[in-house]
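**Q** Contents of my_file-v1.pdb (PDB, C-alpha atoms, pLDDT in the B column) are below:
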```
ATOM      1  CA  HIS A   1      -1.427 -18.075   9.048  1.00 53.00           C
ATOM      2  CA  THR A   2      -1.001 -15.787   6.092  1.00 60.00           C
ATOM      3  CA  TRP A   3      -3.885 -14.634   3.897  1.00 70.00           C
ATOM      4  CA  PHE A   4      -3.891 -15.216   0.152  1.00 72.00           C
ATOM      5  CA  PRO A   5      -6.733 -14.896  -2.371  1.00 76.00           C
ATOM      6  CA  LYS A   6      -8.797 -18.077  -2.666  1.00 77.00           C
ATOM      7  CA  GLY A   7      -7.189 -20.504  -5.095  1.00 78.00           C
ATOM      8  CA  GLN A   8      -3.860 -18.650  -4.996  1.00 78.00           C
ATOM      9  CA  GLN A   9      -2.453 -19.926  -1.715  1.00 73.00           C
ATOM     10  CA  LYS A  10       1.315 -20.125  -1.729  1.00 71.00           C
ATOM     11  CA  VAL A  11       3.408 -22.727   0.033  1.00 71.00           C
ATOM     12  CA  ILE A  12       6.371 -21.031   1.643  1.00 68.00           C
ATOM     13  CA  PRO A  13       8.988 -23.476   2.917  1.00 68.00           C
ATOM     14  CA  THR A  14      10.398 -22.397   6.278  1.00 66.00           C
ATOM     15  CA  TYR A  15      12.458 -25.431   7.312  1.00 71.00           C
ATOM     16  CA  GLY A  16      11.496 -25.479  10.958  1.00 71.00           C
ATOM     17  CA  LYS A  17      11.483 -21.734  11.522  1.00 69.00           C
ATOM     18  CA  HIS A  18       8.454 -19.504  11.894  1.00 69.00           C
ATOM     19  CA  HIS A  19       8.794 -16.918   9.147  1.00 67.00           C
ATOM     20  CA  GLY A  20       6.128 -14.533   8.044  1.00 75.00           C
ATOM     21  CA  VAL A  21       5.285 -12.515   5.004  1.00 78.00           C
ATOM     22  CA  LYS A  22       4.138  -8.926   5.215  1.00 87.00           C
ATOM     23  CA  LEU A  23       1.274  -8.012   2.911  1.00 88.00           C
ATOM     24  CA  VAL A  24       0.424  -4.371   2.296  1.00 91.00           C
ATOM     25  CA  GLY A  25      -2.613  -3.648   0.191  1.00 92.00           C
ATOM     26  CA  THR A  26      -5.590  -1.605  -0.835  1.00 92.00           C
ATOM     27  CA  LEU A  27      -9.163  -2.429  -1.724  1.00 91.00           C
ATOM     28  CA  ASP A  28     -10.992  -0.368  -4.328  1.00 89.00           C
ATOM     29  CA  TYR A  29     -14.481  -0.510  -2.849  1.00 88.00           C
ATOM     30  CA  GLU A  30     -16.101   0.568  -6.142  1.00 88.00           C
ATOM     31  CA  THR A  31     -14.548  -2.164  -8.317  1.00 90.00           C
ATOM     32  CA  GLY A  32     -13.574  -4.728  -5.690  1.00 91.00           C
ATOM     33  CA  GLU A  33     -10.006  -4.733  -7.045  1.00 91.00           C
ATOM     34  CA  VAL A  34      -7.322  -5.647  -4.521  1.00 92.00           C
ATOM     35  CA  PHE A  35      -3.793  -4.267  -4.942  1.00 92.00           C
ATOM     36  CA  VAL A  36      -1.237  -6.071  -2.760  1.00 92.00           C
ATOM     37  CA  THR A  37       2.522  -5.991  -2.335  1.00 92.00           C
ATOM     38  CA  GLU A  38       4.441  -8.722  -0.540  1.00 89.00           C
ATOM     39  CA  GLU A  39       7.402  -7.694   1.612  1.00 90.00           C
ATOM     40  CA  GLU A  40       9.891  -9.404   3.909  1.00 86.00           C
ATOM     41  CA  ARG A  41       9.721  -6.611   6.471  1.00 88.00           C
ATOM     42  CA  TYR A  42       7.367  -3.752   7.245  1.00 89.00           C
ATOM     43  CA  ASP A  43       8.927  -0.427   8.137  1.00 93.00           C
ATOM     44  CA  ALA A  44       8.545   3.230   7.177  1.00 94.00           C
ATOM     45  CA  GLN A  45      10.638   2.834   4.004  1.00 95.00           C
ATOM     46  CA  VAL A  46       8.482  -0.091   2.815  1.00 94.00           C
ATOM     47  CA  PHE A  47       5.310   1.844   3.645  1.00 95.00           C
ATOM     48  CA  LEU A  48       6.572   4.909   1.745  1.00 96.00           C
ATOM     49  CA  SER A  49       7.348   2.732  -1.277  1.00 96.00           C
ATOM     50  CA  PHE A  50       3.836   1.281  -1.070  1.00 95.00           C
ATOM     51  CA  LEU A  51       2.263   4.755  -0.896  1.00 96.00           C
ATOM     52  CA  GLU A  52       4.219   5.819  -3.981  1.00 96.00           C
ATOM     53  CA  LYS A  53       2.917   2.755  -5.861  1.00 96.00           C
ATOM     54  CA  VAL A  54      -0.656   3.518  -4.775  1.00 95.00           C
ATOM     55  CA  VAL A  55      -0.416   7.126  -6.008  1.00 95.00           C
ATOM     56  CA  VAL A  56       0.821   5.894  -9.402  1.00 95.00           C
ATOM     57  CA  LYS A  57      -1.865   3.187  -9.606  1.00 94.00           C
ATOM     58  CA  TYR A  58      -4.689   5.617  -8.800  1.00 92.00           C
ATOM     59  CA  LYS A  59      -3.194   8.665 -10.525  1.00 93.00           C
ATOM     60  CA  GLY A  60      -5.561  11.624 -10.589  1.00 90.00           C
ATOM     61  CA  GLU A  61      -8.094   9.939  -8.293  1.00 90.00           C
ATOM     62  CA  LYS A  62      -9.012  10.819  -4.736  1.00 90.00           C
ATOM     63  CA  ILE A  63      -7.596   8.228  -2.337  1.00 90.00           C
ATOM     64  CA  VAL A  64      -8.902   7.615   1.178  1.00 90.00           C
ATOM     65  CA  MET A  65      -6.934   5.265   3.412  1.00 89.00           C
ATOM     66  CA  ILE A  66      -7.870   3.920   6.803  1.00 88.00           C
ATOM     67  CA  LEU A  67      -4.766   3.171   8.858  1.00 88.00           C
ATOM     68  CA  ASP A  68      -4.207   1.932  12.358  1.00 88.00           C
ATOM     69  CA  ASN A  69      -2.084   4.038  14.664  1.00 86.00           C
ATOM     70  CA  ALA A  70       1.144   2.177  13.877  1.00 88.00           C
ATOM     71  CA  ARG A  71       4.381   4.030  14.458  1.00 90.00           C
ATOM     72  CA  ILE A  72       5.494   3.751  10.857  1.00 90.00           C
ATOM     73  CA  HIS A  73       2.394   5.626   9.700  1.00 91.00           C
ATOM     74  CA  HIS A  74       3.718   8.691  11.579  1.00 90.00           C
ATOM     75  CA  ALA A  75       7.412   8.383  10.682  1.00 93.00           C
ATOM     76  CA  LYS A  76       9.340  11.538   9.834  1.00 95.00           C
ATOM     77  CA  LEU A  77      10.410   9.854   6.597  1.00 95.00           C
ATOM     78  CA  LEU A  78       6.804  10.068   5.366  1.00 94.00           C
ATOM     79  CA  GLN A  79       6.215  13.766   6.098  1.00 94.00           C
ATOM     80  CA  PRO A  80       7.490  15.171   2.759  1.00 95.00           C
ATOM     81  CA  PHE A  81       5.357  12.641   0.852  1.00 94.00           C
ATOM     82  CA  LEU A  82       2.260  13.367   2.942  1.00 90.00           C
ATOM     83  CA  GLU A  83       2.664  17.118   2.517  1.00 92.00           C
ATOM     84  CA  ALA A  84       3.038  16.701  -1.265  1.00 92.00           C
ATOM     85  CA  HIS A  85      -0.065  14.522  -1.529  1.00 89.00           C
TER      86      HIS A  85
END
```
Translate the structure described by the file into structure tokens.
**A**
Amino acid sequence: HTWFPKGQQKVIPTYGKHHGVKLVGTLDYETGEVFVTEEERYDAQVFLSFLEKVVVKYKGEKIVMILDNARIHHAKLLQPFLEAH
């Protein structure tokens, strides 16, 4: 099952196939605001795009992220971004 905010559940027709949706998001623990992007796949390029959106959204603020040890979180593609931020 896929998670959606209460009252905003989406019906996604799959026509007999088991398809999923990838949600990537942040929670601002001070305001309770949730920022979520919906993707068809989840790879290093998608994660990099998400990180760029997060930096723009929280421009000038300190950002702390808790990540699991997924491979894409260590991808070489991310290194220039991580060094810059």
**Q** Pick the closest to Asp28 in chain A from A:Lys62, A:Lys6, A:Lys76, A:His85: which is it, counting all atoms listed in the file?
**A**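 Result for the nearest residue to Asp28 in chain A: A:Lys62.
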**Q** Distance CA of Leu27 in chain A-CA of Leu77 in chain A, one decimal place?
**A**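 Separating CA of Leu27 in chain A from CA of Leu77 in chain A is a distance of 24.6 Å.
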**Q** Just want the 9 Å neighbourhood of range 36-46 of chain A, counted on only C-alpha atoms, with same-chain residues fewer than 6 positions away dropped. Output as a ChimeraX atom specification.
**A** /A:20-27,71-78
**Q** For CA of Gly7 in chain A and CA of Lys53 in chain A, determine how far apart the two atoms are, in Å to one decimal place.
**A**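 Atom-to-atom, CA of Gly7 in chain A to CA of Lys53 in chain A, that is 25.4 Å.
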**Q** Between CA of Gln79 in chain A and CA of Leu67 in chain A, measure the distance and give it in Å to one decimal.
**A**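 CA of Leu67 in chain A lies at a distance of 15.5 Å from CA of Gln79 in chain A.
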**Q** List the residues matched by the PyMOL selection byres ((chain A and resi 55) around 12) in the displayed structure as a list in words, ordered by chain and then by residue number.
**A**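 That selection, the PyMOL selection byres ((chain A and resi 55) around 12), comes back as Thr26, Phe35, Leu48, Ser49, Phe50, Leu51, Glu52, Lys53, Val54, Val56, Lys57, Tyr58, Lys59, Gly60, Glu61, Lys62, Ile63, Val64, Met65, Phe81, Leu82, Ala84 and His85 of chain A.
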